[in-house]
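Engineer: Next comes run_35.pdb, PDB, C-alpha atoms, pLDDT in the B column:
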```pdb
ATOM      1  CA  MET A 850     -34.947  -5.358  14.178  1.00 45.00           C
ATOM      2  CA  SER A 851     -32.251  -6.626  16.532  1.00 62.00           C
ATOM      3  CA  SER A 852     -28.674  -5.532  16.095  1.00 76.00           C
ATOM      4  CA  LYS A 853     -25.364  -5.954  17.845  1.00 91.00           C
ATOM      5  CA  HIS A 854     -22.765  -3.221  17.387  1.00 94.00           C
ATOM      6  CA  PHE A 855     -18.982  -3.821  17.623  1.00 97.00           C
ATOM      7  CA  PRO A 856     -16.631  -0.824  17.239  1.00 97.00           C
ATOM      8  CA  ILE A 857     -13.449  -1.340  15.253  1.00 97.00           C
ATOM      9  CA  ALA A 858     -10.429  -0.532  17.421  1.00 96.00           C
ATOM     10  CA  ILE A 859      -8.292   2.330  16.134  1.00 96.00           C
ATOM     11  CA  SER A 860      -4.964   3.142  17.754  1.00 94.00           C
ATOM     12  CA  PRO A 861      -4.400   6.854  18.502  1.00 94.00           C
ATOM     13  CA  VAL A 862      -1.095   6.488  16.630  1.00 94.00           C
ATOM     14  CA  TRP A 863      -2.869   5.533  13.374  1.00 93.00           C
ATOM     15  CA  ARG A 864      -5.969   7.746  13.732  1.00 93.00           C
ATOM     16  CA  PRO A 865      -4.481  10.769  11.821  1.00 92.00           C
ATOM     17  CA  PHE A 866      -3.458   8.500   8.925  1.00 92.00           C
ATOM     18  CA  LEU A 867      -6.906   6.886   8.698  1.00 93.00           C
ATOM     19  CA  LEU A 868      -8.875  10.139   8.879  1.00 92.00           C
ATOM     20  CA  PRO A 869      -8.298  11.035   5.175  1.00 88.00           C
ATOM     21  CA  LEU A 870      -9.878   7.659   4.315  1.00 88.00           C
ATOM     22  CA  GLY A 871     -13.023   8.667   6.204  1.00 91.00           C
ATOM     23  CA  VAL A 872     -12.294   6.405   9.169  1.00 93.00           C
ATOM     24  CA  THR A 873     -13.740   7.965  12.314  1.00 92.00           C
ATOM     25  CA  ALA A 874     -15.161   6.482  15.517  1.00 89.00           C
ATOM     26  CA  LYS A 875     -18.660   6.749  13.991  1.00 93.00           C
ATOM     27  CA  ARG A 876     -17.577   5.120  10.701  1.00 95.00           C
ATOM     28  CA  ALA A 877     -15.560   2.188  12.043  1.00 96.00           C
ATOM     29  CA  TYR A 878     -17.708  -0.714  13.205  1.00 97.00           C
ATOM     30  CA  ALA A 879     -19.101  -4.154  12.530  1.00 97.00           C
ATOM     31  CA  GLU A 880     -22.672  -4.968  13.370  1.00 96.00           C
ATOM     32  CA  ILE A 881     -25.000  -7.889  13.071  1.00 94.00           C
ATOM     33  CA  VAL A 882     -28.335  -6.742  11.689  1.00 91.00           C
ATOM     34  CA  ASP A 883     -31.196  -8.905  10.414  1.00 86.00           C
ATOM     35  CA  GLY A 884     -29.134 -11.824   9.150  1.00 88.00           C
ATOM     36  CA  ASP A 885     -26.247  -9.744   7.807  1.00 93.00           C
ATOM     37  CA  LEU A 886     -22.818  -8.721   8.977  1.00 95.00           C
ATOM     38  CA  HIS A 887     -22.566  -5.002   8.199  1.00 96.00           C
ATOM     39  CA  VAL A 888     -18.982  -3.725   8.192  1.00 97.00           C
ATOM     40  CA  CYS A 889     -18.180  -0.026   7.891  1.00 96.00           C
ATOM     41  CA  PHE A 890     -14.629   1.349   7.859  1.00 95.00           C
ATOM     42  CA  GLY A 891     -14.584   4.841   6.386  1.00 93.00           C
ATOM     43  CA  ARG A 892     -15.641   4.510   2.743  1.00 90.00           C
ATOM     44  CA  PHE A 893     -15.652   0.705   2.964  1.00 92.00           C
ATOM     45  CA  ASP A 894     -19.286  -0.173   3.700  1.00 93.00           C
ATOM     46  CA  TYR A 895     -20.492  -3.726   2.983  1.00 94.00           C
ATOM     47  CA  TYR A 896     -23.115  -6.220   4.034  1.00 94.00           C
ATOM     48  CA  PHE A 897     -22.159  -9.893   4.180  1.00 96.00           C
ATOM     49  CA  PRO A 898     -24.835 -12.571   4.705  1.00 94.00           C
ATOM     50  CA  LEU A 899     -24.321 -14.323   8.039  1.00 94.00           C
ATOM     51  CA  ASP A 900     -25.036 -17.676   6.435  1.00 93.00           C
ATOM     52  CA  ALA A 901     -21.955 -17.132   4.222  1.00 95.00           C
ATOM     53  CA  ILE A 902     -19.706 -17.046   7.309  1.00 96.00           C
ATOM     54  CA  GLU A 903     -17.880 -20.294   7.939  1.00 96.00           C
ATOM     55  CA  ASP A 904     -16.164 -19.256  11.172  1.00 95.00           C
ATOM     56  CA  ALA A 905     -14.839 -16.339  13.211  1.00 96.00           C
ATOM     57  CA  THR A 906     -11.706 -16.727  15.339  1.00 96.00           C
ATOM     58  CA  PHE A 907      -8.841 -14.697  16.728  1.00 97.00           C
ATOM     59  CA  GLY A 908      -6.344 -13.897  14.007  1.00 95.00           C
ATOM     60  CA  ARG A 909      -2.991 -12.255  13.505  1.00 95.00           C
ATOM     61  CA  TRP A 910      -2.322  -9.334  11.234  1.00 96.00           C
ATOM     62  CA  PRO A 911       1.363  -8.923  10.325  1.00 94.00           C
ATOM     63  CA  LEU A 912       3.077  -5.570  10.882  1.00 94.00           C
ATOM     64  CA  TRP A 913       4.303  -5.487   7.289  1.00 94.00           C
ATOM     65  CA  ALA A 914       0.694  -5.641   6.012  1.00 94.00           C
ATOM     66  CA  GLY A 915      -0.080  -2.172   7.424  1.00 93.00           C
ATOM     67  CA  VAL A 916      -3.217  -0.482   8.741  1.00 95.00           C
ATOM     68  CA  GLY A 917      -6.294   0.799   6.929  1.00 93.00           C
ATOM     69  CA  VAL A 918      -8.198  -1.019   4.210  1.00 93.00           C
ATOM     70  CA  ARG A 919      -5.758  -3.666   2.990  1.00 94.00           C
ATOM     71  CA  THR A 920      -5.880  -6.596   0.562  1.00 93.00           C
ATOM     72  CA  ASN A 921      -3.550  -9.105  -1.032  1.00 93.00           C
ATOM     73  CA  PHE A 922      -5.898  -9.361  -4.064  1.00 93.00           C
ATOM     74  CA  ARG A 923      -6.087 -13.145  -3.504  1.00 93.00           C
ATOM     75  CA  GLY A 924      -8.909 -13.424  -0.995  1.00 95.00           C
ATOM     76  CA  VAL A 925      -7.642 -11.558   2.081  1.00 96.00           C
ATOM     77  CA  VAL A 926      -9.116  -8.205   3.106  1.00 96.00           C
ATOM     78  CA  GLY A 927      -8.144  -6.368   6.293  1.00 96.00           C
ATOM     79  CA  LEU A 928      -9.877  -3.453   7.999  1.00 96.00           C
ATOM     80  CA  ILE A 929      -7.175  -2.686  10.501  1.00 96.00           C
ATOM     81  CA  GLY A 930      -6.960   0.213  12.950  1.00 96.00           C
ATOM     82  CA  THR A 931      -4.540  -1.469  15.360  1.00 95.00           C
ATOM     83  CA  TYR A 932      -2.537  -4.673  15.513  1.00 96.00           C
ATOM     84  CA  VAL A 933      -4.249  -6.069  18.617  1.00 95.00           C
ATOM     85  CA  ASN A 934      -7.648  -7.760  19.060  1.00 96.00           C
ATOM     86  CA  VAL A 935      -7.716  -8.932  15.450  1.00 98.00           C
ATOM     87  CA  VAL A 936     -10.508 -11.286  14.408  1.00 98.00           C
ATOM     88  CA  GLU A 937     -10.490 -13.393  11.248  1.00 98.00           C
ATOM     89  CA  VAL A 938     -13.848 -14.055   9.591  1.00 97.00           C
ATOM     90  CA  ARG A 939     -13.762 -16.903   7.056  1.00 97.00           C
ATOM     91  CA  PHE A 940     -16.455 -17.212   4.409  1.00 97.00           C
ATOM     92  CA  THR A 941     -17.698 -20.443   2.847  1.00 96.00           C
ATOM     93  CA  GLU A 942     -17.470 -18.833  -0.604  1.00 96.00           C
ATOM     94  CA  PRO A 943     -15.488 -15.739  -1.595  1.00 95.00           C
ATOM     95  CA  GLN A 944     -17.488 -12.516  -1.265  1.00 95.00           C
ATOM     96  CA  GLN A 945     -16.923  -9.753  -3.816  1.00 93.00           C
ATOM     97  CA  VAL A 946     -15.914  -6.401  -2.316  1.00 92.00           C
ATOM     98  CA  ARG A 947     -14.509  -3.179  -3.698  1.00 87.00           C
ATOM     99  CA  VAL A 948     -11.097  -2.215  -2.333  1.00 81.00           C
ATOM    100  CA  PHE A 949      -9.905   0.235  -5.000  1.00 80.00           C
ATOM    101  CA  LEU A 950     -10.770  -2.615  -7.431  1.00 86.00           C
ATOM    102  CA  ARG A 951     -13.294  -5.431  -7.095  1.00 91.00           C
ATOM    103  CA  VAL A 952     -11.576  -8.282  -5.228  1.00 93.00           C
ATOM    104  CA  PRO A 953     -12.643 -11.609  -3.747  1.00 95.00           C
ATOM    105  CA  CYS A 954     -12.831 -11.816   0.047  1.00 96.00           C
ATOM    106  CA  LYS A 955     -12.476 -15.305   1.495  1.00 97.00           C
ATOM    107  CA  ARG A 956     -10.909 -14.076   4.764  1.00 97.00           C
ATOM    108  CA  LEU A 957     -11.816 -10.754   6.419  1.00 97.00           C
ATOM    109  CA  PHE A 958      -9.621  -9.405   9.224  1.00 98.00           C
ATOM    110  CA  LEU A 959     -11.020  -6.822  11.655  1.00 97.00           C
ATOM    111  CA  SER A 960      -9.373  -5.140  14.653  1.00 97.00           C
ATOM    112  CA  LEU A 961     -12.205  -4.944  17.175  1.00 97.00           C
ATOM    113  CA  GLU A 962     -12.619  -3.336  20.591  1.00 97.00           C
ATOM    114  CA  GLU A 963     -14.592  -6.367  21.817  1.00 96.00           C
ATOM    115  CA  PRO A 964     -13.315  -9.383  19.860  1.00 96.00           C
ATOM    116  CA  HIS A 965     -14.666 -11.964  22.320  1.00 96.00           C
ATOM    117  CA  ALA A 966     -18.207 -10.577  22.111  1.00 95.00           C
ATOM    118  CA  PHE A 967     -18.033 -10.421  18.297  1.00 96.00           C
ATOM    119  CA  ILE A 968     -16.821 -14.002  17.964  1.00 95.00           C
ATOM    120  CA  ALA A 969     -19.470 -15.178  20.423  1.00 94.00           C
ATOM    121  CA  ALA A 970     -22.225 -13.353  18.514  1.00 93.00           C
ATOM    122  CA  VAL A 971     -21.169 -14.726  15.125  1.00 92.00           C
ATOM    123  CA  THR A 972     -20.539 -18.284  16.312  1.00 84.00           C
ATOM    124  CA  LYS A 973     -23.739 -18.290  18.398  1.00 74.00           C
ATOM    125  CA  ARG A 974     -25.690 -17.313  15.300  1.00 60.00           C
ATOM    126  CA  ARG A 975     -23.985 -20.079  13.260  1.00 54.00           C
ATOM    127  CA  THR A 976     -24.609 -22.669  16.026  1.00 55.00           C
ATOM    128  CA  THR A 977     -28.288 -21.689  16.260  1.00 56.00           C
ATOM    129  CA  GLU A 978     -28.708 -21.991  12.475  1.00 55.00           C
ATOM    130  CA  THR A 979     -26.971 -25.391  12.436  1.00 52.00           C
ATOM    131  CA  LYS A 980     -29.222 -26.759  15.190  1.00 55.00           C
ATOM    132  CA  ALA A 981     -32.330 -25.483  13.407  1.00 56.00           C
ATOM    133  CA  ALA A 982     -31.391 -27.281  10.173  1.00 55.00           C
TER     134      ALA A 982
END
```
Translate this file's structure into structure tokens.
Structural biologist:
Amino acid sequence: MSSKHFPIAISPVWRPFLLPLGVTAKRAYAEIVDGDLHVCFGRFDYYFPLDAIEDATFGRWPLWAGVGVRTNFRGVVGLIGTYVNVVEVRFTEPQQVRVFLRVPCKRLFLSLEEPHAFIAAVTKRRTTETKAA
């Protein structure tokens, strides 16, 4: 079993506000494990199939959208611990996740400590799968 672990970046300013949601350094990460993207952010804990990922790029998360587990209920979900190093993961088809209610997730935003490495790992996996097909 090979895995790549990517901690979600959490600003010291927001850490006390995220703690009641169960967001700690040990429970804030994204990892690639056996063909899945596993994302854990406090109580948010989901597996997304890597083959459902269309692309991963640098993104922007607006200040007004806030930190924590966020959604617009129309396909955007954010797991945000800081406003820098934000990555946008786009899915080929909306994934169903539970954020208070069950919502579709077409675009997932993550604030990561190592965004370059995450993007490289996801896009490398997609490139390898495309060449194999």
Engineer: Enumerate, as a PDB file with C-alpha atoms, in the frame of the given file, the residues matched when the PyMOL selection byres ((chain A and resi 881) around 10) is run on the file above.
Structural biologist:
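Done, and the output landed in result.pdb:
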```pdb
ATOM      1  CA  SER A 851     -32.251  -6.626  16.532  1.00 62.00           C
ATOM      2  CA  SER A 852     -28.674  -5.532  16.095  1.00 76.00           C
ATOM      3  CA  LYS A 853     -25.364  -5.954  17.845  1.00 91.00           C
ATOM      4  CA  HIS A 854     -22.765  -3.221  17.387  1.00 94.00           C
ATOM      5  CA  PHE A 855     -18.982  -3.821  17.623  1.00 97.00           C
ATOM      6  CA  ALA A 879     -19.101  -4.154  12.530  1.00 97.00           C
ATOM      7  CA  GLU A 880     -22.672  -4.968  13.370  1.00 96.00           C
ATOM      8  CA  VAL A 882     -28.335  -6.742  11.689  1.00 91.00           C
ATOM      9  CA  ASP A 883     -31.196  -8.905  10.414  1.00 86.00           C
ATOM     10  CA  GLY A 884     -29.134 -11.824   9.150  1.00 88.00           C
ATOM     11  CA  ASP A 885     -26.247  -9.744   7.807  1.00 93.00           C
ATOM     12  CA  LEU A 886     -22.818  -8.721   8.977  1.00 95.00           C
ATOM     13  CA  HIS A 887     -22.566  -5.002   8.199  1.00 96.00           C
ATOM     14  CA  VAL A 888     -18.982  -3.725   8.192  1.00 97.00           C
ATOM     15  CA  TYR A 896     -23.115  -6.220   4.034  1.00 94.00           C
ATOM     16  CA  PHE A 897     -22.159  -9.893   4.180  1.00 96.00           C
ATOM     17  CA  PRO A 898     -24.835 -12.571   4.705  1.00 94.00           C
ATOM     18  CA  LEU A 899     -24.321 -14.323   8.039  1.00 94.00           C
ATOM     19  CA  PHE A 967     -18.033 -10.421  18.297  1.00 96.00           C
ATOM     20  CA  ALA A 970     -22.225 -13.353  18.514  1.00 93.00           C
ATOM     21  CA  VAL A 971     -21.169 -14.726  15.125  1.00 92.00           C
ATOM     22  CA  ARG A 974     -25.690 -17.313  15.300  1.00 60.00           C
TER      23      ARG A 974
END
```
Engineer: Just say which residues the PyMOL selection byres ((chain A and resi 930) around 12) picks in this file, as a ChimeraX atom specification.
Structural biologist: /A:856-868,870,872-874,876-878,890-891,910,912,914-919,927-929,931-935,958-962
Engineer: CA of Tyr895 in chain A and CA of Val946 in chain A, how far apart in Å?
Structural biologist: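 Going from CA of Val946 in chain A over to CA of Tyr895 in chain A, I get 7.5 Å.
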Engineer: For Gly924 in chain A, which of A:Phe893, A:Lys973, A:Asp900, A:Gln944 is the closest residue, counting only C-alpha atoms?
Structural biologist: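 The answer is A:Gln944, which sits nearest to Gly924 in chain A.
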Engineer: Around (-19.2, -20.3, 7.8) in the file's frame, which residues reach within 6 Å when counting all atoms listed in the file? Return as a list of chain:residue names?
Structural biologist: A:Ala901, A:Ile902, A:Glu903, A:Asp904, A:Phe940, A:Thr941
Engineer: Rounded to one decimal, what separation in Å do you get between CA of Leu950 in chain A and CA of Arg923 in chain A?
Structural biologist: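 Separation between CA of Leu950 in chain A and CA of Arg923 in chain A: 12.2 Å.
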Engineer: Rounded to one decimal in Å, what is the spacing between CA of Arg947 in chain A and CA of Val925 in chain A?
Structural biologist: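 Interatomic distance, CA of Arg947 in chain A to CA of Val925 in chain A: 12.3 Å.
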Engineer: Starting from the displayed file, determine the output of the PyMOL selection byres ((chain A and resi 943) around 6) and express the residue list as a ChimeraX atom specification.
Structural biologist: /A:942,944,953-955
Engineer: Write to file, as a PDB file, in the coordinates of the input, the residues of the selection just made, with C-alpha atoms.
Structural biologist:
```pdb
ATOM      1  CA  GLU A 942     -17.470 -18.833  -0.604  1.00 96.00           C
ATOM      2  CA  GLN A 944     -17.488 -12.516  -1.265  1.00 95.00           C
ATOM      3  CA  PRO A 953     -12.643 -11.609  -3.747  1.00 95.00           C
ATOM      4  CA  CYS A 954     -12.831 -11.816   0.047  1.00 96.00           C
ATOM      5  CA  LYS A 955     -12.476 -15.305   1.495  1.00 97.00           C
TER       6      LYS A 955
END
```
Engineer: Out of A:Arg939, A:Phe907, A:Val926, A:Arg951, which residue has the shortest atom-to-atom distance to Ala969 in chain A when counting all atoms listed in the file?
Structural biologist: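 The shortest atom-to-atom distance to Ala969 in chain A comes from A:Phe907.
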Engineer: Closest to His965 in chain A among A:Asn921, A:Val936, A:Gly871, A:Asp894, using only C-alpha atoms?
Structural biologist: A:Val936
Engineer: Considering all atoms listed in the file, can you say which of A:Thr972, A:Val948, A:Glu963, A:Lys875 comes closest to Thr920 in chain A?
Structural biologist: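 Of all the options, A:Val948 lies closest to Thr920 in chain A.
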